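For reference, structure_12.txt is printed below; it contains compact mmCIF, C-alpha atoms.
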# COMPACT_ATOMS: atom_id res chain seq x y z
CA MET Z 876 -97.05 72.96 219.68
CA PRO Z 877 -93.48 74.21 219.05
CA PRO Z 878 -92.34 74.12 215.39
CA THR Z 879 -89.78 71.57 214.27
CA VAL Z 880 -88.14 74.04 211.88
CA ALA Z 881 -87.65 77.79 212.24
CA ASP Z 882 -89.07 79.71 209.31
CA VAL Z 883 -87.21 83.02 209.26
CA SER Z 884 -88.70 84.20 205.96
CA GLY Z 885 -92.17 83.26 207.20
CA LEU Z 886 -91.68 85.35 210.35
CA LEU Z 887 -90.50 88.33 208.32
CA ARG Z 888 -93.51 88.02 206.03
CA VAL Z 889 -95.98 87.91 208.92
CA LEU Z 890 -94.46 91.08 210.39
CA ALA Z 891 -94.54 92.82 207.00
CA GLU Z 892 -98.11 91.72 206.30
CA HIS Z 893 -99.18 93.31 209.59
CA ASP Z 894 -97.38 96.55 208.64
CA VAL Z 895 -95.09 96.30 211.64
CA GLU Z 896 -92.29 98.87 211.57
CA PHE Z 897 -89.12 97.09 212.64
CA MET Z 898 -85.51 96.40 211.75
CA VAL Z 899 -83.72 93.07 211.65
CA VAL Z 900 -80.72 92.79 213.98
CA GLY Z 901 -78.65 89.88 215.32
CA GLY Z 902 -77.65 86.75 213.44
CA VAL Z 903 -80.13 87.11 210.58
CA CYS Z 904 -78.93 90.68 210.05
CA ALA Z 905 -75.32 89.44 209.89
CA LEU Z 906 -76.31 86.70 207.47
CA ILE Z 907 -78.25 89.05 205.19
CA HIS Z 908 -75.09 91.19 204.97
CA GLY Z 909 -73.13 88.11 203.85
CA ALA Z 910 -71.54 86.89 207.08
CA PRO Z 911 -71.26 83.07 207.08
CA VAL Z 912 -73.05 82.57 210.40
CA SER Z 913 -76.00 80.45 211.41
CA THR Z 914 -78.82 81.20 213.81
CA PHE Z 915 -82.04 79.61 214.99
CA ASP Z 916 -84.07 82.70 215.76
CA LEU Z 917 -85.02 86.07 214.36
CA ASP Z 918 -84.12 89.20 216.37
CA ILE Z 919 -85.93 92.45 215.63
CA VAL Z 920 -85.99 95.96 217.10
CA PRO Z 921 -89.47 97.44 216.58
CA GLU Z 922 -90.62 101.03 216.63
CA ARG Z 923 -92.46 101.26 219.96
CA SER Z 924 -95.36 103.64 219.39
CA VAL Z 925 -98.77 102.52 220.67
CA ALA Z 926 -100.00 101.97 217.10
CA ASN Z 927 -97.00 99.88 216.09
CA VAL Z 928 -97.10 97.81 219.28
CA ASP Z 929 -100.74 97.08 218.46
CA ARG Z 930 -99.64 95.84 215.03
CA ILE Z 931 -96.89 93.71 216.59
CA LEU Z 932 -99.42 92.22 218.96
CA ARG Z 933 -101.71 91.26 216.10
CA ALA Z 934 -98.82 89.74 214.19
CA LEU Z 935 -97.75 87.78 217.28
CA LEU Z 936 -101.27 86.49 217.88
CA SER Z 937 -101.53 85.32 214.26
CA ILE Z 938 -98.53 83.03 214.79
CA GLN Z 939 -99.58 81.88 218.29
CA ALA Z 940 -96.64 83.55 219.97
CA LEU Z 941 -95.97 82.82 223.62
CA HIS Z 942 -93.17 84.12 225.81
CA ARG Z 943 -90.37 81.57 226.14
CA ASP Z 944 -90.53 80.51 229.74
CA LEU Z 945 -88.01 78.20 231.42
CA ALA Z 946 -90.68 77.24 233.97
CA GLY Z 947 -92.87 75.95 231.15
CA GLY Z 948 -95.63 78.53 231.55
CA SER Z 949 -97.73 79.88 228.67
CA ILE Z 950 -97.43 83.66 228.86
CA ALA Z 951 -99.22 85.60 226.13
CA PRO Z 952 -97.60 88.68 224.56
CA ASP Z 953 -98.13 91.73 226.73
CA PRO Z 954 -98.37 95.19 225.11
CA SER Z 955 -96.89 96.96 228.12
CA ARG Z 956 -93.81 94.75 227.94
CA LEU Z 957 -93.56 95.33 224.18
CA ARG Z 958 -93.57 99.09 224.78
CA GLY Z 959 -90.67 98.77 227.20
CA SER Z 960 -86.95 98.70 226.53
CA GLY Z 961 -86.50 95.06 227.50
CA HIS Z 962 -86.14 91.89 225.48
CA ASN Z 963 -89.20 89.77 224.72
CA LEU Z 964 -88.38 86.21 223.75
CA PHE Z 965 -91.19 84.36 221.98
CA ILE Z 966 -91.77 80.92 220.59
CA THR Z 967 -94.16 81.00 217.65
CA ARG Z 968 -95.55 78.48 215.20
CA SER Z 969 -92.87 79.73 212.79
CA GLY Z 970 -90.01 79.42 215.27
CA PRO Z 971 -88.30 81.58 217.88
CA LEU Z 972 -88.65 85.36 217.63
CA GLU Z 973 -86.95 87.97 219.85
CA VAL Z 974 -88.56 91.41 220.02
CA LEU Z 975 -85.94 93.73 221.51
CA GLY Z 976 -86.98 97.15 222.82
CA THR Z 977 -83.36 98.28 222.80
CA VAL Z 978 -79.99 96.77 221.95
CA GLY Z 979 -76.45 97.62 223.04
CA GLN Z 980 -76.32 100.64 225.32
CA GLY Z 981 -80.01 101.49 225.18
CA ARG Z 982 -80.28 102.02 221.43
CA ASP Z 983 -83.86 101.79 220.20
CA PHE Z 984 -85.47 101.87 216.75
CA ALA Z 985 -85.38 105.67 216.56
CA ALA Z 986 -81.71 105.80 217.47
CA LEU Z 987 -80.79 103.14 214.92
CA ALA Z 988 -83.13 104.06 212.06
CA SER Z 989 -80.51 106.16 210.26
CA ARG Z 990 -78.11 103.22 210.42
CA SER Z 991 -80.43 100.74 208.76
CA HIS Z 992 -81.63 100.23 205.20
CA PRO Z 993 -84.38 98.37 203.37
CA VAL Z 994 -83.18 95.12 201.83
CA ASP Z 995 -84.97 92.96 199.26
CA VAL Z 996 -85.05 89.47 200.81
CA GLY Z 997 -86.94 87.82 197.97
CA ASP Z 998 -90.51 86.94 197.05
CA GLY Z 999 -91.42 90.61 196.89
CA LEU Z 1000 -90.52 91.17 200.51
CA THR Z 1001 -88.39 94.13 201.59
CA VAL Z 1002 -87.37 94.53 205.24
CA ARG Z 1003 -85.32 97.11 207.10
CA VAL Z 1004 -81.96 95.69 208.23
CA LEU Z 1005 -79.42 97.22 210.62
CA ASP Z 1006 -76.17 98.16 208.84
CA LEU Z 1007 -73.29 95.76 209.43
CA ASP Z 1008 -70.98 98.39 210.94
CA ALA Z 1009 -73.70 99.31 213.46
CA LEU Z 1010 -74.22 95.64 214.33
CA ILE Z 1011 -70.48 95.32 215.00
CA GLU Z 1012 -70.56 98.41 217.24
CA ILE Z 1013 -73.46 97.00 219.23
CA LYS Z 1014 -71.82 93.62 219.65
CA ARG Z 1015 -68.72 95.39 220.98
CA GLU Z 1016 -70.88 97.42 223.38
CA VAL Z 1017 -72.60 94.33 224.71
CA GLY Z 1018 -69.34 92.39 224.95
CA ARG Z 1019 -70.91 89.06 225.85
CA GLU Z 1020 -68.93 85.94 225.09
CA LYS Z 1021 -71.37 84.81 222.38
CA ASP Z 1022 -71.18 88.23 220.71
CA MET Z 1023 -67.41 88.35 220.86
CA ALA Z 1024 -67.21 84.85 219.34
CA THR Z 1025 -68.78 85.97 216.06
CA LEU Z 1026 -67.15 89.41 215.99
CA PRO Z 1027 -64.09 88.40 213.87
CA ILE Z 1028 -66.41 86.98 211.19
CA LEU Z 1029 -68.48 90.17 211.11
CA VAL Z 1030 -65.43 92.43 211.00
CA ARG Z 1031 -63.87 90.40 208.19
CA THR Z 1032 -67.16 90.34 206.27
CA LEU Z 1033 -67.40 94.14 206.51
CA ALA Z 1034 -63.81 94.48 205.27
CA GLU Z 1035 -64.44 92.14 202.34
CA ARG Z 1036 -67.66 93.99 201.45
CA ARG Z 1037 -65.80 97.30 201.45
CA LYS Z 1038 -63.07 95.82 199.26
CA LEU Z 1039 -65.70 94.62 196.79
CA GLU Z 1040 -67.47 97.97 196.82
CA SER Z 1041 -64.23 99.87 196.15
CA ASP Z 1042 -63.05 97.44 193.47
CA PRO Z 1043 -65.73 95.06 192.18
CA GLN Z 1044 -63.22 93.53 189.70
CA THR Z 1045 -61.31 91.81 192.52
CA SER Z 1046 -64.15 89.37 193.29
CA MET V 249 -48.42 69.63 201.68
CA GLY V 250 -46.66 71.56 198.88
CA HIS V 251 -45.71 75.23 199.00
CA ARG V 252 -48.50 76.16 196.59
CA GLU V 253 -51.19 74.39 198.70
CA GLN V 254 -49.81 76.02 201.81
CA ALA V 255 -50.02 79.44 200.18
CA ASP V 256 -53.60 78.78 199.08
CA GLU V 257 -54.60 77.78 202.60
CA THR V 258 -52.94 80.89 204.02
CA LYS V 259 -54.96 82.98 201.58
CA ALA V 260 -58.23 81.20 202.37
CA VAL V 261 -57.99 81.59 206.13
CA ALA V 262 -57.16 84.99 207.57
CA ASP V 263 -54.87 85.58 210.55
CA ASP V 264 -57.88 85.74 212.82
CA GLY V 265 -58.92 82.24 211.70
CA VAL V 266 -61.88 83.43 209.65
CA ASP V 267 -62.49 81.48 206.42
CA VAL V 268 -62.45 84.25 203.82
CA THR V 269 -63.55 81.88 201.02
CA LEU V 270 -66.83 81.31 202.86
CA ILE V 271 -67.33 85.08 203.11
CA HIS V 272 -66.60 85.49 199.39
CA TRP V 273 -69.12 82.75 198.60
CA MET V 274 -71.77 84.38 200.79
CA LEU V 275 -71.08 87.77 199.24
CA SER V 276 -71.58 86.26 195.77
CA LEU V 277 -75.19 85.48 196.76
CA THR V 278 -78.12 87.86 196.98
CA PRO V 279 -79.66 88.55 200.42
CA ALA V 280 -82.60 86.32 199.41
CA GLU V 281 -80.21 83.49 198.52
CA ARG V 282 -78.38 83.94 201.82
CA LEU V 283 -81.67 83.51 203.68
CA GLN V 284 -82.30 80.35 201.65
CA VAL V 285 -78.90 79.02 202.71
CA LEU V 286 -79.81 79.67 206.34
CA GLN V 287 -83.19 77.99 205.93
CA SER V 288 -81.60 75.00 204.23
CA ASN V 289 -78.98 74.71 207.00
CA ILE V 290 -81.66 74.81 209.68
CA ARG V 291 -83.63 72.06 207.93
CA SER V 292 -80.52 69.89 207.54
CA LEU V 293 -79.64 70.27 211.20
CA GLU V 294 -83.21 69.42 212.18
CA LYS V 295 -83.01 66.25 210.07
CA LEU V 296 -79.71 65.28 211.67
CA ARG V 297 -81.16 65.92 215.11
CA GLY V 298 -84.21 63.80 214.23
CA ALA V 299 -81.96 60.97 213.08
CA ALA V 300 -79.90 61.18 216.27
CA ASP V 301 -83.05 61.13 218.41
CA ARG V 302 -84.27 57.95 216.68
CA ARG V 303 -81.09 56.05 217.53
Encoded form using structure tokens:
Amino acid sequence: MPPTVADVSGLLRVLAEHDVEFMVVGGVCALIHGAPVSTFDLDIVPERSVANVDRILRALLSIQALHRDLAGGSIAPDPSRLRGSGHNLFITRSGPLEVLGTVGQGRDFAALASRSHPVDVGDGLTVRVLDLDALIEIKREVGREKDMATLPILVRTLAERRKLESDPQTS
Amino acid sequence: MGHREQADETKAVADDGVDVTLIHWMLSLTPAERLQVLQSNIRSLEKLRGAADRR
């Protein structure tokens, strides 16, 4: 049965508890960096080794993940699809989760790892999050209408963060 | 609207239409608090949707 409320922190915890190596991208990434945006799902880019995909699979099974299917079918997570570069859209008991093999122009976990950092998101949970400037770059690469709509907010948030970092007294 | 209020509004909203005061507020929070804001917003919207569905 689909959840009535998305539980972003719950999804992050399940992934962490299963030792999944991943980074947070998308709207939750923007929000964690301080952008005033809202979202209803969690987007992640996982490391795609066989061992990590196995861990993702176990995490997905623990939250009864099924591929989101417009035709109403119940498609279980498929390891071969998770190892690919495509986007896997799931509905889980903790809300929608998107597992993205690559983002932007074919950038995967390995390509983005150096542009991400661990962030303490509370309750003893630390997750790797894509840097805000990299997220902006990717949104520009993709260039979809929905990405371009939030771009000014992200760019302004990055500018304000940099101002604060260079002169914390101005806040 | 007086000149002072006008100036304040100009400061709050950047040329690109982005509300800078909201960004400042978000940046005053920790990442954990930002996630709580998101979670709270989602719950509120769900409640509103539930209320609308019951009409």
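The interface of chain Z with chain V at 8 Å, considering only C-alpha atoms, consists of Z:Thr879, Z:Val880, Z:Ala881, Z:Asp882, Z:Val883, Z:Ser884, Z:Val903, Z:Leu906, Z:Ile907, Z:His908, Z:Gly909, Z:Ala910, Z:Pro911, Z:Ser913, Z:Thr914, Z:Phe915, Z:Val994, Z:Asp995, Z:Val996, Z:Gly997, Z:Pro1027, Z:Ile1028, Z:Arg1031, Z:Thr1032, Z:Glu1035, Z:Arg1036, Z:Ser1046.
Here atom CA of Z:Ser937 and atom CA of Z:Asp1006 stand 28.9 Å from one another.
Note that the spacing between atom CA of Z:Thr1025 and atom CA of V:Leu296 amounts to 23.8 Å.
The gap separating atom CA of Z:Arg1003 from atom CA of Z:Arg923 is 15.3 Å, in Å to one decimal.
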| message | as a list in words, please: the residues near Z:Ala951 (cut-off 12 Å, only C-alpha atoms, same-chain neighbours under 2 positions excluded). | response | Leu932, Arg933, Leu935, Leu936, Ile938, Gln939, Ala940, Leu941, His942, Arg943, Asp944, Gly948, Ser949, Asp953, Pro954, Ser955, Arg956, Leu957, Asn963, Leu964, Phe965, Ile966 and Thr967 of chain Z
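Nearest to Z:Val920 of all the residues Z:Arg982, Z:Lys1014, Z:Arg990, Z:Arg888 is Z:Arg982, based on all atoms listed in the file.
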| query | Could you pull the residues within 9 Å of Z:Leu890, counting only C-alpha atoms, minus those fewer than 6 positions along the same chain, as a count of residues only? | reply | 6
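Among the candidates Z:Ser960, Z:Met898, Z:Val928, Z:Thr977, the one nearest to Z:Ser989 when counting all atoms listed in the file is Z:Met898.
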Complete stretch 984-1009 of chain Z with N, CA and C atoms (output as an mmCIF file, in the frame of the given file).
data_model
loop_
_atom_site.group_PDB
_atom_site.id
_atom_site.type_symbol
_atom_site.label_atom_id
_atom_site.label_comp_id
_atom_site.auth_asym_id
_atom_site.auth_seq_id
_atom_site.Cartn_x
_atom_site.Cartn_y
_atom_site.Cartn_z
ATOM 1 N N PHE Z 984 -85.211 101.755 218.192
ATOM 2 C CA PHE Z 984 -85.470 101.870 216.750
ATOM 3 C C PHE Z 984 -85.135 103.282 216.249
ATOM 4 N N ALA Z 985 -85.594 104.292 217.006
ATOM 5 C CA ALA Z 985 -85.380 105.670 216.560
ATOM 6 C C ALA Z 985 -83.891 105.998 216.471
ATOM 7 N N ALA Z 986 -83.142 105.509 217.447
ATOM 8 C CA ALA Z 986 -81.710 105.800 217.470
ATOM 9 C C ALA Z 986 -80.969 105.085 216.343
ATOM 10 N N LEU Z 987 -81.499 103.944 215.920
ATOM 11 C CA LEU Z 987 -80.790 103.140 214.920
ATOM 12 C C LEU Z 987 -81.329 103.306 213.502
ATOM 13 N N ALA Z 988 -82.461 103.993 213.372
ATOM 14 C CA ALA Z 988 -83.130 104.060 212.060
ATOM 15 C C ALA Z 988 -82.187 104.573 210.962
ATOM 16 N N SER Z 989 -81.382 105.592 211.294
ATOM 17 C CA SER Z 989 -80.510 106.160 210.260
ATOM 18 C C SER Z 989 -79.361 105.226 209.905
ATOM 19 N N ARG Z 990 -79.193 104.186 210.699
ATOM 20 C CA ARG Z 990 -78.110 103.220 210.420
ATOM 21 C C ARG Z 990 -78.680 101.876 209.980
ATOM 22 N N SER Z 991 -79.800 101.946 209.303
ATOM 23 C CA SER Z 991 -80.430 100.740 208.760
ATOM 24 C C SER Z 991 -80.958 101.070 207.382
ATOM 25 N N HIS Z 992 -81.143 100.029 206.567
ATOM 26 C CA HIS Z 992 -81.630 100.230 205.200
ATOM 27 C C HIS Z 992 -82.558 99.106 204.788
ATOM 28 N N PRO Z 993 -83.507 99.430 203.881
ATOM 29 C CA PRO Z 993 -84.380 98.370 203.370
ATOM 30 C C PRO Z 993 -83.582 97.416 202.478
ATOM 31 N N VAL Z 994 -83.850 96.142 202.644
ATOM 32 C CA VAL Z 994 -83.180 95.120 201.830
ATOM 33 C C VAL Z 994 -84.241 94.188 201.244
ATOM 34 N N ASP Z 995 -84.085 93.898 199.942
ATOM 35 C CA ASP Z 995 -84.970 92.960 199.260
ATOM 36 C C ASP Z 995 -84.539 91.543 199.656
ATOM 37 N N VAL Z 996 -85.414 90.820 200.367
ATOM 38 C CA VAL Z 996 -85.050 89.470 200.810
ATOM 39 C C VAL Z 996 -85.798 88.397 200.009
ATOM 40 N N GLY Z 997 -86.320 88.793 198.873
ATOM 41 C CA GLY Z 997 -86.940 87.820 197.970
ATOM 42 C C GLY Z 997 -88.434 87.721 198.099
ATOM 43 N N ASP Z 998 -89.057 87.142 197.076
ATOM 44 C CA ASP Z 998 -90.510 86.940 197.050
ATOM 45 C C ASP Z 998 -91.280 88.238 197.281
ATOM 46 N N GLY Z 999 -90.743 89.329 196.771
ATOM 47 C CA GLY Z 999 -91.420 90.610 196.890
ATOM 48 C C GLY Z 999 -91.410 91.214 198.279
ATOM 49 N N LEU Z 1000 -90.564 90.698 199.120
ATOM 50 C CA LEU Z 1000 -90.520 91.170 200.510
ATOM 51 C C LEU Z 1000 -89.269 92.024 200.746
ATOM 52 N N THR Z 1001 -89.501 93.239 201.248
ATOM 53 C CA THR Z 1001 -88.390 94.130 201.590
ATOM 54 C C THR Z 1001 -88.482 94.436 203.081
ATOM 55 N N VAL Z 1002 -87.368 94.253 203.793
ATOM 56 C CA VAL Z 1002 -87.370 94.530 205.240
ATOM 57 C C VAL Z 1002 -86.195 95.441 205.583
ATOM 58 N N ARG Z 1003 -86.374 96.203 206.641
ATOM 59 C CA ARG Z 1003 -85.320 97.110 207.100
ATOM 60 C C ARG Z 1003 -84.297 96.280 207.906
ATOM 61 N N VAL Z 1004 -83.029 96.467 207.589
ATOM 62 C CA VAL Z 1004 -81.960 95.690 208.230
ATOM 63 C C VAL Z 1004 -80.910 96.646 208.782
ATOM 64 N N LEU Z 1005 -80.478 96.407 210.012
ATOM 65 C CA LEU Z 1005 -79.420 97.220 210.620
ATOM 66 C C LEU Z 1005 -78.151 97.091 209.780
ATOM 67 N N ASP Z 1006 -77.430 98.197 209.594
ATOM 68 C CA ASP Z 1006 -76.170 98.160 208.840
ATOM 69 C C ASP Z 1006 -75.143 97.295 209.592
ATOM 70 N N LEU Z 1007 -74.256 96.683 208.819
ATOM 71 C CA LEU Z 1007 -73.290 95.760 209.430
ATOM 72 C C LEU Z 1007 -72.333 96.477 210.381
ATOM 73 N N ASP Z 1008 -71.911 97.694 210.032
ATOM 74 C CA ASP Z 1008 -70.980 98.390 210.940
ATOM 75 C C ASP Z 1008 -71.675 98.739 212.267
ATOM 76 N N ALA Z 1009 -72.963 99.025 212.214
ATOM 77 C CA ALA Z 1009 -73.700 99.310 213.460
ATOM 78 C C ALA Z 1009 -73.861 98.042 214.283
#
